[in-house]
Number of protein chains: 2
Amino acid sequence: MGRWASGSRERLESAALDLFVDPGYDETTVAQIADRAGLTRSTFFRHFADKREVVFGTEDTLSDLLVAAVSELPTGLSVAEYLTAAFTRAGELAFADERHRQASQRRVIVARHPELRERELLKRAGISAAMTSAFVRQGVDELGARLGGEFGVLALDAAFERWTDGKPTASFGEIAADVVGQLTERAGTLG
Amino acid sequence: MGRWASGSRERLESAALDLFVDPGYDETTVAQIADRAGLTRSTFFRHFADKREVVFGTEDTLSDLLVAAVSELPTGLSVAEYLTAAFTRAGELAFADERHRQASQRRVIVARHPELRERELLKRAGISAAMTSAFVRQGVDELGARLGGEFGVLALDAAFERWTDGKPTASFGEIAADVVGQLTERAGTLG
């Protein structure tokens, strides 16, 4: 996909998120999104299957991105070490500073719509399962890897919430590293 | 609800689960379930809103049961202590030995149907959120309580899987206590 096509996708995403916040997700049509982006409906459908995919487009690549980051590291590290590296990578790509506005809008939109929250929970379960498999491949035992997958998704959620609470005070990767540290501390006192 | 009504519910549940395994969930009608139980369709609908509710009836009470068990304990215990007590109670009520056959059938049915698996994931998210709130009320800090909720749902799943793997070798409560211990060990080595 060329630079022009990539620009269209970003313009469509930005227009859609603005409209999903106001007047609202249910009130916005694909025609209105295309119009606001200065593009056509058919261009919209070259980039997204439907409205909902604008909200979950980044999520779909997130799982692959996190798994790839874990897989590149040597075996035998701790789950916290794998996660910190994976979230740093996610911070550079999916959650770069210039995506803060979109990420904050997205959070508001998902929070307002139960059906989007359900979809997000299912995506999160997919990320947890994918990370569990990645941990097993790095030598973590199965039960520990399942715990690592759940732990990772919780860290991702908590870091995303902190990152999108008001103006950004640090990069996503820095915030996520801090959250992983705090959660690791809590994990040590569960027993 | 009297003894007779309660007997009807159990007969309907047992008939439904048998049919959901063979010929299958999609192939089974409410009329067939009622017929196999020797009852009428209208009796079925006095107990269940639809077919799917037969599969998730126990799950709906599970969350309340676990929260009640945590809430009865003194504040200041560890998450593992709360969970072990809650799962012991669940083992006595929702997962008593005589429910092993139904629980095993239920597991097979859910595993075969993506839409039931999705529904189960959403129920699990509800249980996690309810346990998080229960832990906060017992004095666990918010991040630790969120971790406790996810940890608890993973322990519940892993214990349920182990309990329904073949013939029962121990009670649900005993298996769950063992799983909580193993997961606590793994949690201590995440960092």
# chains A, B, ... in the order shown; residues from 1 in each chain; ligands from 1
$ interface_residues --of "chain A" --to "chain B" --cutoff "12 Å" --atoms "only C-alpha atoms" --output "VMD selection string"
chain A and resid 76 to 84 114 to 115 117 to 126 128 135 140 to 155 157 to 159 177 179 to 191
$ residues_around --residues "region 8-24 of chain B" --least-positions-apart "5" --cutoff "12 Å" --atoms "only C-alpha atoms" --output "MDAnalysis selection string"
chainID B and resid 1:3 29:48 50:58 98:113
$ select_by_dssp --residues "chain A" --states "helix (DSSP H, G or I)" --output "PDB file with C-alpha atoms, in the first residue's frame"
ATOM      1  CA  ARG A   3       1.877   6.521   0.886  1.00  0.00           C
ATOM      2  CA  TRP A   4      -1.290   8.006  -0.601  1.00  0.00           C
ATOM      3  CA  ALA A   5      -3.392   5.013   0.399  1.00  0.00           C
ATOM      4  CA  SER A   6      -1.930   5.093   3.888  1.00  0.00           C
ATOM      5  CA  GLY A   7      -2.820   8.808   4.131  1.00  0.00           C
ATOM      6  CA  SER A   8      -6.432   8.023   3.190  1.00  0.00           C
ATOM      7  CA  ARG A   9      -6.684   5.414   5.904  1.00  0.00           C
ATOM      8  CA  GLU A  10      -5.454   7.831   8.530  1.00  0.00           C
ATOM      9  CA  ARG A  11      -7.782  10.600   7.329  1.00  0.00           C
ATOM     10  CA  LEU A  12     -10.729   8.199   7.427  1.00  0.00           C
ATOM     11  CA  GLU A  13      -9.802   6.983  10.903  1.00  0.00           C
ATOM     12  CA  SER A  14      -9.399  10.504  12.224  1.00  0.00           C
ATOM     13  CA  ALA A  15     -12.718  11.655  10.678  1.00  0.00           C
ATOM     14  CA  ALA A  16     -14.529   8.577  11.978  1.00  0.00           C
ATOM     15  CA  LEU A  17     -13.271   8.930  15.552  1.00  0.00           C
ATOM     16  CA  ASP A  18     -14.214  12.634  15.628  1.00  0.00           C
ATOM     17  CA  LEU A  19     -17.743  11.739  14.502  1.00  0.00           C
ATOM     18  CA  PHE A  20     -18.008   8.711  16.821  1.00  0.00           C
ATOM     19  CA  VAL A  21     -17.360  11.052  19.776  1.00  0.00           C
ATOM     20  CA  ASP A  22     -19.798  13.669  18.475  1.00  0.00           C
ATOM     21  CA  PRO A  23     -22.559  13.161  17.283  1.00  0.00           C
ATOM     22  CA  GLY A  24     -21.891   9.488  18.276  1.00  0.00           C
ATOM     23  CA  VAL A  30     -19.949   5.635   6.448  1.00  0.00           C
ATOM     24  CA  ALA A  31     -21.012   8.355   3.957  1.00  0.00           C
ATOM     25  CA  GLN A  32     -20.534  11.019   6.641  1.00  0.00           C
ATOM     26  CA  ILE A  33     -17.091   9.662   7.556  1.00  0.00           C
ATOM     27  CA  ALA A  34     -15.985   9.663   3.901  1.00  0.00           C
ATOM     28  CA  ASP A  35     -17.411  13.142   3.408  1.00  0.00           C
ATOM     29  CA  ARG A  36     -15.591  14.591   6.415  1.00  0.00           C
ATOM     30  CA  ALA A  37     -12.329  12.986   5.226  1.00  0.00           C
ATOM     31  CA  ARG A  41     -17.538   5.665   0.392  1.00  0.00           C
ATOM     32  CA  SER A  42     -15.765   3.219  -1.895  1.00  0.00           C
ATOM     33  CA  THR A  43     -12.392   4.449  -0.593  1.00  0.00           C
ATOM     34  CA  PHE A  44     -13.680   3.829   2.944  1.00  0.00           C
ATOM     35  CA  PHE A  45     -14.550   0.249   2.049  1.00  0.00           C
ATOM     36  CA  ARG A  46     -11.107  -0.316   0.523  1.00  0.00           C
ATOM     37  CA  HIS A  47      -9.684   0.301   4.010  1.00  0.00           C
ATOM     38  CA  LYS A  51     -17.616   1.232  10.984  1.00  0.00           C
ATOM     39  CA  ARG A  52     -16.660  -1.138  13.767  1.00  0.00           C
ATOM     40  CA  GLU A  53     -13.381  -2.001  12.092  1.00  0.00           C
ATOM     41  CA  VAL A  54     -12.267   1.620  12.422  1.00  0.00           C
ATOM     42  CA  VAL A  55     -12.488   1.166  16.201  1.00  0.00           C
ATOM     43  CA  PHE A  56     -10.671  -2.195  16.243  1.00  0.00           C
ATOM     44  CA  GLY A  57      -8.180  -1.810  13.400  1.00  0.00           C
ATOM     45  CA  THR A  58      -5.232  -1.172  15.719  1.00  0.00           C
ATOM     46  CA  GLU A  59      -6.278  -3.952  18.092  1.00  0.00           C
ATOM     47  CA  ASP A  60      -6.091  -6.454  15.273  1.00  0.00           C
ATOM     48  CA  THR A  61      -2.422  -5.768  14.656  1.00  0.00           C
ATOM     49  CA  LEU A  62      -1.594  -5.424  18.363  1.00  0.00           C
ATOM     50  CA  SER A  63      -1.684  -9.157  19.076  1.00  0.00           C
ATOM     51  CA  ASP A  64       0.762  -9.977  16.242  1.00  0.00           C
ATOM     52  CA  LEU A  65       3.004  -7.127  17.272  1.00  0.00           C
ATOM     53  CA  LEU A  66       3.214  -8.277  20.917  1.00  0.00           C
ATOM     54  CA  VAL A  67       3.778 -11.903  19.953  1.00  0.00           C
ATOM     55  CA  ALA A  68       6.530 -10.925  17.485  1.00  0.00           C
ATOM     56  CA  ALA A  69       8.272  -8.849  20.154  1.00  0.00           C
ATOM     57  CA  VAL A  70       8.218 -11.764  22.648  1.00  0.00           C
ATOM     58  CA  SER A  71       9.402 -14.234  20.003  1.00  0.00           C
ATOM     59  CA  VAL A  79       7.244 -12.912  31.917  1.00  0.00           C
ATOM     60  CA  ALA A  80       7.717  -9.335  33.172  1.00  0.00           C
ATOM     61  CA  GLU A  81      10.827  -8.952  30.990  1.00  0.00           C
ATOM     62  CA  TYR A  82       9.012 -10.257  27.907  1.00  0.00           C
ATOM     63  CA  LEU A  83       6.063  -7.966  28.543  1.00  0.00           C
ATOM     64  CA  THR A  84       8.152  -4.857  29.101  1.00  0.00           C
ATOM     65  CA  ALA A  85       9.923  -5.434  25.787  1.00  0.00           C
ATOM     66  CA  ALA A  86       6.642  -6.164  23.978  1.00  0.00           C
ATOM     67  CA  PHE A  87       4.928  -3.041  25.340  1.00  0.00           C
ATOM     68  CA  THR A  88       7.923  -0.887  24.414  1.00  0.00           C
ATOM     69  CA  ARG A  89       7.508  -2.101  20.847  1.00  0.00           C
ATOM     70  CA  ALA A  90       3.748  -1.506  20.969  1.00  0.00           C
ATOM     71  CA  GLY A  91       4.472   2.003  22.251  1.00  0.00           C
ATOM     72  CA  GLU A  92       6.699   2.698  19.252  1.00  0.00           C
ATOM     73  CA  ASP A  97       2.790   9.724  20.912  1.00  0.00           C
ATOM     74  CA  GLU A  98       1.053  11.110  17.809  1.00  0.00           C
ATOM     75  CA  ARG A  99      -1.705   8.532  18.251  1.00  0.00           C
ATOM     76  CA  HIS A 100      -2.608   9.733  21.729  1.00  0.00           C
ATOM     77  CA  ARG A 101      -5.613  11.757  20.564  1.00  0.00           C
ATOM     78  CA  GLN A 102      -7.099   8.852  18.594  1.00  0.00           C
ATOM     79  CA  ALA A 103      -6.436   6.417  21.432  1.00  0.00           C
ATOM     80  CA  SER A 104      -8.199   8.704  23.922  1.00  0.00           C
ATOM     81  CA  GLN A 105     -11.180   9.122  21.593  1.00  0.00           C
ATOM     82  CA  ARG A 106     -11.315   5.380  21.066  1.00  0.00           C
ATOM     83  CA  ARG A 107     -11.406   4.753  24.796  1.00  0.00           C
ATOM     84  CA  VAL A 108     -14.382   7.133  25.220  1.00  0.00           C
ATOM     85  CA  ILE A 109     -16.256   5.500  22.325  1.00  0.00           C
ATOM     86  CA  VAL A 110     -15.749   1.923  23.562  1.00  0.00           C
ATOM     87  CA  ALA A 111     -16.736   2.864  27.132  1.00  0.00           C
ATOM     88  CA  ARG A 112     -20.044   4.282  25.878  1.00  0.00           C
ATOM     89  CA  PRO A 114     -21.737  -2.169  25.541  1.00  0.00           C
ATOM     90  CA  GLU A 115     -21.485  -4.013  22.204  1.00  0.00           C
ATOM     91  CA  LEU A 116     -18.059  -2.464  21.546  1.00  0.00           C
ATOM     92  CA  ARG A 117     -16.956  -3.321  25.091  1.00  0.00           C
ATOM     93  CA  GLU A 118     -17.995  -6.945  24.479  1.00  0.00           C
ATOM     94  CA  ARG A 119     -16.057  -6.999  21.230  1.00  0.00           C
ATOM     95  CA  GLU A 120     -13.036  -5.578  23.076  1.00  0.00           C
ATOM     96  CA  LEU A 121     -13.245  -8.269  25.774  1.00  0.00           C
ATOM     97  CA  LEU A 122     -13.219 -10.959  23.088  1.00  0.00           C
ATOM     98  CA  LYS A 123     -10.210  -9.330  21.393  1.00  0.00           C
ATOM     99  CA  ARG A 124      -8.462  -9.221  24.762  1.00  0.00           C
ATOM    100  CA  ALA A 125      -9.090 -12.940  25.239  1.00  0.00           C
ATOM    101  CA  GLY A 126      -7.471 -13.520  21.838  1.00  0.00           C
ATOM    102  CA  ILE A 127      -4.423 -11.457  22.852  1.00  0.00           C
ATOM    103  CA  SER A 128      -4.147 -13.397  26.125  1.00  0.00           C
ATOM    104  CA  ALA A 129      -4.226 -16.746  24.285  1.00  0.00           C
ATOM    105  CA  ALA A 130      -1.672 -15.569  21.699  1.00  0.00           C
ATOM    106  CA  MET A 131       0.698 -14.352  24.409  1.00  0.00           C
ATOM    107  CA  THR A 132       0.262 -17.597  26.348  1.00  0.00           C
ATOM    108  CA  SER A 133       1.443 -19.538  23.268  1.00  0.00           C
ATOM    109  CA  ALA A 134       4.347 -17.129  22.793  1.00  0.00           C
ATOM    110  CA  PHE A 135       5.442 -17.642  26.426  1.00  0.00           C
ATOM    111  CA  VAL A 136       5.250 -21.419  26.062  1.00  0.00           C
ATOM    112  CA  ARG A 137       7.521 -21.208  23.006  1.00  0.00           C
ATOM    113  CA  GLU A 142       1.870 -24.017  30.615  1.00  0.00           C
ATOM    114  CA  LEU A 143       0.182 -22.807  33.800  1.00  0.00           C
ATOM    115  CA  GLY A 144       2.727 -20.020  34.191  1.00  0.00           C
ATOM    116  CA  ALA A 145       2.206 -19.034  30.555  1.00  0.00           C
ATOM    117  CA  ARG A 146      -1.580 -18.855  31.016  1.00  0.00           C
ATOM    118  CA  LEU A 147      -1.076 -16.657  34.057  1.00  0.00           C
ATOM    119  CA  GLY A 148       1.374 -14.582  31.996  1.00  0.00           C
ATOM    120  CA  GLY A 149      -1.225 -14.094  29.248  1.00  0.00           C
ATOM    121  CA  GLU A 150      -3.852 -12.820  31.703  1.00  0.00           C
ATOM    122  CA  PHE A 151      -1.268 -10.751  33.530  1.00  0.00           C
ATOM    123  CA  GLY A 152      -0.153  -9.244  30.208  1.00  0.00           C
ATOM    124  CA  VAL A 153      -3.657  -8.262  29.140  1.00  0.00           C
ATOM    125  CA  LEU A 154      -4.329  -6.657  32.515  1.00  0.00           C
ATOM    126  CA  ALA A 155      -1.042  -4.724  32.255  1.00  0.00           C
ATOM    127  CA  LEU A 156      -1.970  -3.640  28.725  1.00  0.00           C
ATOM    128  CA  ASP A 157      -5.390  -2.389  29.851  1.00  0.00           C
ATOM    129  CA  ALA A 158      -4.069  -0.609  32.935  1.00  0.00           C
ATOM    130  CA  ALA A 159      -1.256   1.025  30.933  1.00  0.00           C
ATOM    131  CA  PHE A 160      -3.645   2.091  28.177  1.00  0.00           C
ATOM    132  CA  GLU A 161      -5.978   3.644  30.757  1.00  0.00           C
ATOM    133  CA  ARG A 162      -3.149   5.528  32.417  1.00  0.00           C
ATOM    134  CA  TRP A 163      -1.745   6.704  29.073  1.00  0.00           C
ATOM    135  CA  PHE A 172       3.092   4.392  26.404  1.00  0.00           C
ATOM    136  CA  GLY A 173       6.191   2.204  26.748  1.00  0.00           C
ATOM    137  CA  GLU A 174       7.397   4.060  29.843  1.00  0.00           C
ATOM    138  CA  ILE A 175       3.972   3.903  31.468  1.00  0.00           C
ATOM    139  CA  ALA A 176       3.614   0.207  30.626  1.00  0.00           C
ATOM    140  CA  ALA A 177       7.021  -0.622  32.121  1.00  0.00           C
ATOM    141  CA  ASP A 178       5.928   1.100  35.327  1.00  0.00           C
ATOM    142  CA  VAL A 179       2.598  -0.777  35.374  1.00  0.00           C
ATOM    143  CA  VAL A 180       4.330  -4.135  34.802  1.00  0.00           C
ATOM    144  CA  GLY A 181       6.575  -3.359  37.786  1.00  0.00           C
ATOM    145  CA  GLN A 182       3.618  -2.491  40.030  1.00  0.00           C
ATOM    146  CA  LEU A 183       1.667  -5.563  38.973  1.00  0.00           C
ATOM    147  CA  THR A 184       4.695  -7.814  39.503  1.00  0.00           C
ATOM    148  CA  GLU A 185       4.917  -6.487  43.052  1.00  0.00           C
ATOM    149  CA  ARG A 186       1.201  -7.286  43.636  1.00  0.00           C
ATOM    150  CA  ALA A 187       1.664 -10.743  42.100  1.00  0.00           C
TER     151      ALA A 187
END
$ decode --residues "region 7-151 of chain A" --atoms "C-alpha atoms" --output "short mmCIF file (atom, residue, chain, number, x, y, z; two decimals), in the first residue's frame"
data_model
loop_
_atom_site.label_atom_id
_atom_site.label_comp_id
_atom_site.auth_asym_id
_atom_site.auth_seq_id
_atom_site.Cartn_x
_atom_site.Cartn_y
_atom_site.Cartn_z
CA GLY A 7 -2.82 8.81 4.13
CA SER A 8 -6.43 8.02 3.19
CA ARG A 9 -6.68 5.41 5.90
CA GLU A 10 -5.45 7.83 8.53
CA ARG A 11 -7.78 10.60 7.33
CA LEU A 12 -10.73 8.20 7.43
CA GLU A 13 -9.80 6.98 10.90
CA SER A 14 -9.40 10.50 12.22
CA ALA A 15 -12.72 11.66 10.68
CA ALA A 16 -14.53 8.58 11.98
CA LEU A 17 -13.27 8.93 15.55
CA ASP A 18 -14.21 12.63 15.63
CA LEU A 19 -17.74 11.74 14.50
CA PHE A 20 -18.01 8.71 16.82
CA VAL A 21 -17.36 11.05 19.78
CA ASP A 22 -19.80 13.67 18.47
CA PRO A 23 -22.56 13.16 17.28
CA GLY A 24 -21.89 9.49 18.28
CA TYR A 25 -21.08 6.00 17.00
CA ASP A 26 -24.68 5.00 16.28
CA GLU A 27 -25.48 8.34 14.65
CA THR A 28 -22.55 8.26 12.19
CA THR A 29 -22.80 6.75 8.70
CA VAL A 30 -19.95 5.64 6.45
CA ALA A 31 -21.01 8.36 3.96
CA GLN A 32 -20.53 11.02 6.64
CA ILE A 33 -17.09 9.66 7.56
CA ALA A 34 -15.98 9.66 3.90
CA ASP A 35 -17.41 13.14 3.41
CA ARG A 36 -15.59 14.59 6.41
CA ALA A 37 -12.33 12.99 5.23
CA GLY A 38 -12.88 14.41 1.71
CA LEU A 39 -12.98 10.89 0.25
CA THR A 40 -15.60 8.54 -1.19
CA ARG A 41 -17.54 5.67 0.39
CA SER A 42 -15.76 3.22 -1.90
CA THR A 43 -12.39 4.45 -0.59
CA PHE A 44 -13.68 3.83 2.94
CA PHE A 45 -14.55 0.25 2.05
CA ARG A 46 -11.11 -0.32 0.52
CA HIS A 47 -9.68 0.30 4.01
CA PHE A 48 -12.35 -0.94 6.42
CA ALA A 49 -15.04 -3.63 6.24
CA ASP A 50 -17.40 -1.49 8.33
CA LYS A 51 -17.62 1.23 10.98
CA ARG A 52 -16.66 -1.14 13.77
CA GLU A 53 -13.38 -2.00 12.09
CA VAL A 54 -12.27 1.62 12.42
CA VAL A 55 -12.49 1.17 16.20
CA PHE A 56 -10.67 -2.20 16.24
CA GLY A 57 -8.18 -1.81 13.40
CA THR A 58 -5.23 -1.17 15.72
CA GLU A 59 -6.28 -3.95 18.09
CA ASP A 60 -6.09 -6.45 15.27
CA THR A 61 -2.42 -5.77 14.66
CA LEU A 62 -1.59 -5.42 18.36
CA SER A 63 -1.68 -9.16 19.08
CA ASP A 64 0.76 -9.98 16.24
CA LEU A 65 3.00 -7.13 17.27
CA LEU A 66 3.21 -8.28 20.92
CA VAL A 67 3.78 -11.90 19.95
CA ALA A 68 6.53 -10.92 17.49
CA ALA A 69 8.27 -8.85 20.15
CA VAL A 70 8.22 -11.76 22.65
CA SER A 71 9.40 -14.23 20.00
CA GLU A 72 12.46 -12.16 19.10
CA LEU A 73 13.85 -12.33 22.63
CA PRO A 74 16.00 -15.17 24.02
CA THR A 75 14.30 -17.99 25.93
CA GLY A 76 14.44 -18.13 29.71
CA LEU A 77 13.55 -14.51 30.54
CA SER A 78 10.80 -13.71 33.04
CA VAL A 79 7.24 -12.91 31.92
CA ALA A 80 7.72 -9.34 33.17
CA GLU A 81 10.83 -8.95 30.99
CA TYR A 82 9.01 -10.26 27.91
CA LEU A 83 6.06 -7.97 28.54
CA THR A 84 8.15 -4.86 29.10
CA ALA A 85 9.92 -5.43 25.79
CA ALA A 86 6.64 -6.16 23.98
CA PHE A 87 4.93 -3.04 25.34
CA THR A 88 7.92 -0.89 24.41
CA ARG A 89 7.51 -2.10 20.85
CA ALA A 90 3.75 -1.51 20.97
CA GLY A 91 4.47 2.00 22.25
CA GLU A 92 6.70 2.70 19.25
CA LEU A 93 4.23 1.38 16.68
CA ALA A 94 0.56 1.07 17.73
CA PHE A 95 0.64 3.61 20.58
CA ALA A 96 3.13 6.23 19.39
CA ASP A 97 2.79 9.72 20.91
CA GLU A 98 1.05 11.11 17.81
CA ARG A 99 -1.70 8.53 18.25
CA HIS A 100 -2.61 9.73 21.73
CA ARG A 101 -5.61 11.76 20.56
CA GLN A 102 -7.10 8.85 18.59
CA ALA A 103 -6.44 6.42 21.43
CA SER A 104 -8.20 8.70 23.92
CA GLN A 105 -11.18 9.12 21.59
CA ARG A 106 -11.31 5.38 21.07
CA ARG A 107 -11.41 4.75 24.80
CA VAL A 108 -14.38 7.13 25.22
CA ILE A 109 -16.26 5.50 22.32
CA VAL A 110 -15.75 1.92 23.56
CA ALA A 111 -16.74 2.86 27.13
CA ARG A 112 -20.04 4.28 25.88
CA HIS A 113 -21.15 1.22 23.89
CA PRO A 114 -21.74 -2.17 25.54
CA GLU A 115 -21.49 -4.01 22.20
CA LEU A 116 -18.06 -2.46 21.55
CA ARG A 117 -16.96 -3.32 25.09
CA GLU A 118 -17.99 -6.95 24.48
CA ARG A 119 -16.06 -7.00 21.23
CA GLU A 120 -13.04 -5.58 23.08
CA LEU A 121 -13.24 -8.27 25.77
CA LEU A 122 -13.22 -10.96 23.09
CA LYS A 123 -10.21 -9.33 21.39
CA ARG A 124 -8.46 -9.22 24.76
CA ALA A 125 -9.09 -12.94 25.24
CA GLY A 126 -7.47 -13.52 21.84
CA ILE A 127 -4.42 -11.46 22.85
CA SER A 128 -4.15 -13.40 26.12
CA ALA A 129 -4.23 -16.75 24.28
CA ALA A 130 -1.67 -15.57 21.70
CA MET A 131 0.70 -14.35 24.41
CA THR A 132 0.26 -17.60 26.35
CA SER A 133 1.44 -19.54 23.27
CA ALA A 134 4.35 -17.13 22.79
CA PHE A 135 5.44 -17.64 26.43
CA VAL A 136 5.25 -21.42 26.06
CA ARG A 137 7.52 -21.21 23.01
CA GLN A 138 10.01 -19.22 25.12
CA GLY A 139 10.10 -22.03 27.69
CA VAL A 140 7.54 -20.88 30.29
CA ASP A 141 5.53 -23.84 31.69
CA GLU A 142 1.87 -24.02 30.61
CA LEU A 143 0.18 -22.81 33.80
CA GLY A 144 2.73 -20.02 34.19
CA ALA A 145 2.21 -19.03 30.56
CA ARG A 146 -1.58 -18.86 31.02
CA LEU A 147 -1.08 -16.66 34.06
CA GLY A 148 1.37 -14.58 32.00
CA GLY A 149 -1.23 -14.09 29.25
CA GLU A 150 -3.85 -12.82 31.70
CA PHE A 151 -1.27 -10.75 33.53
#
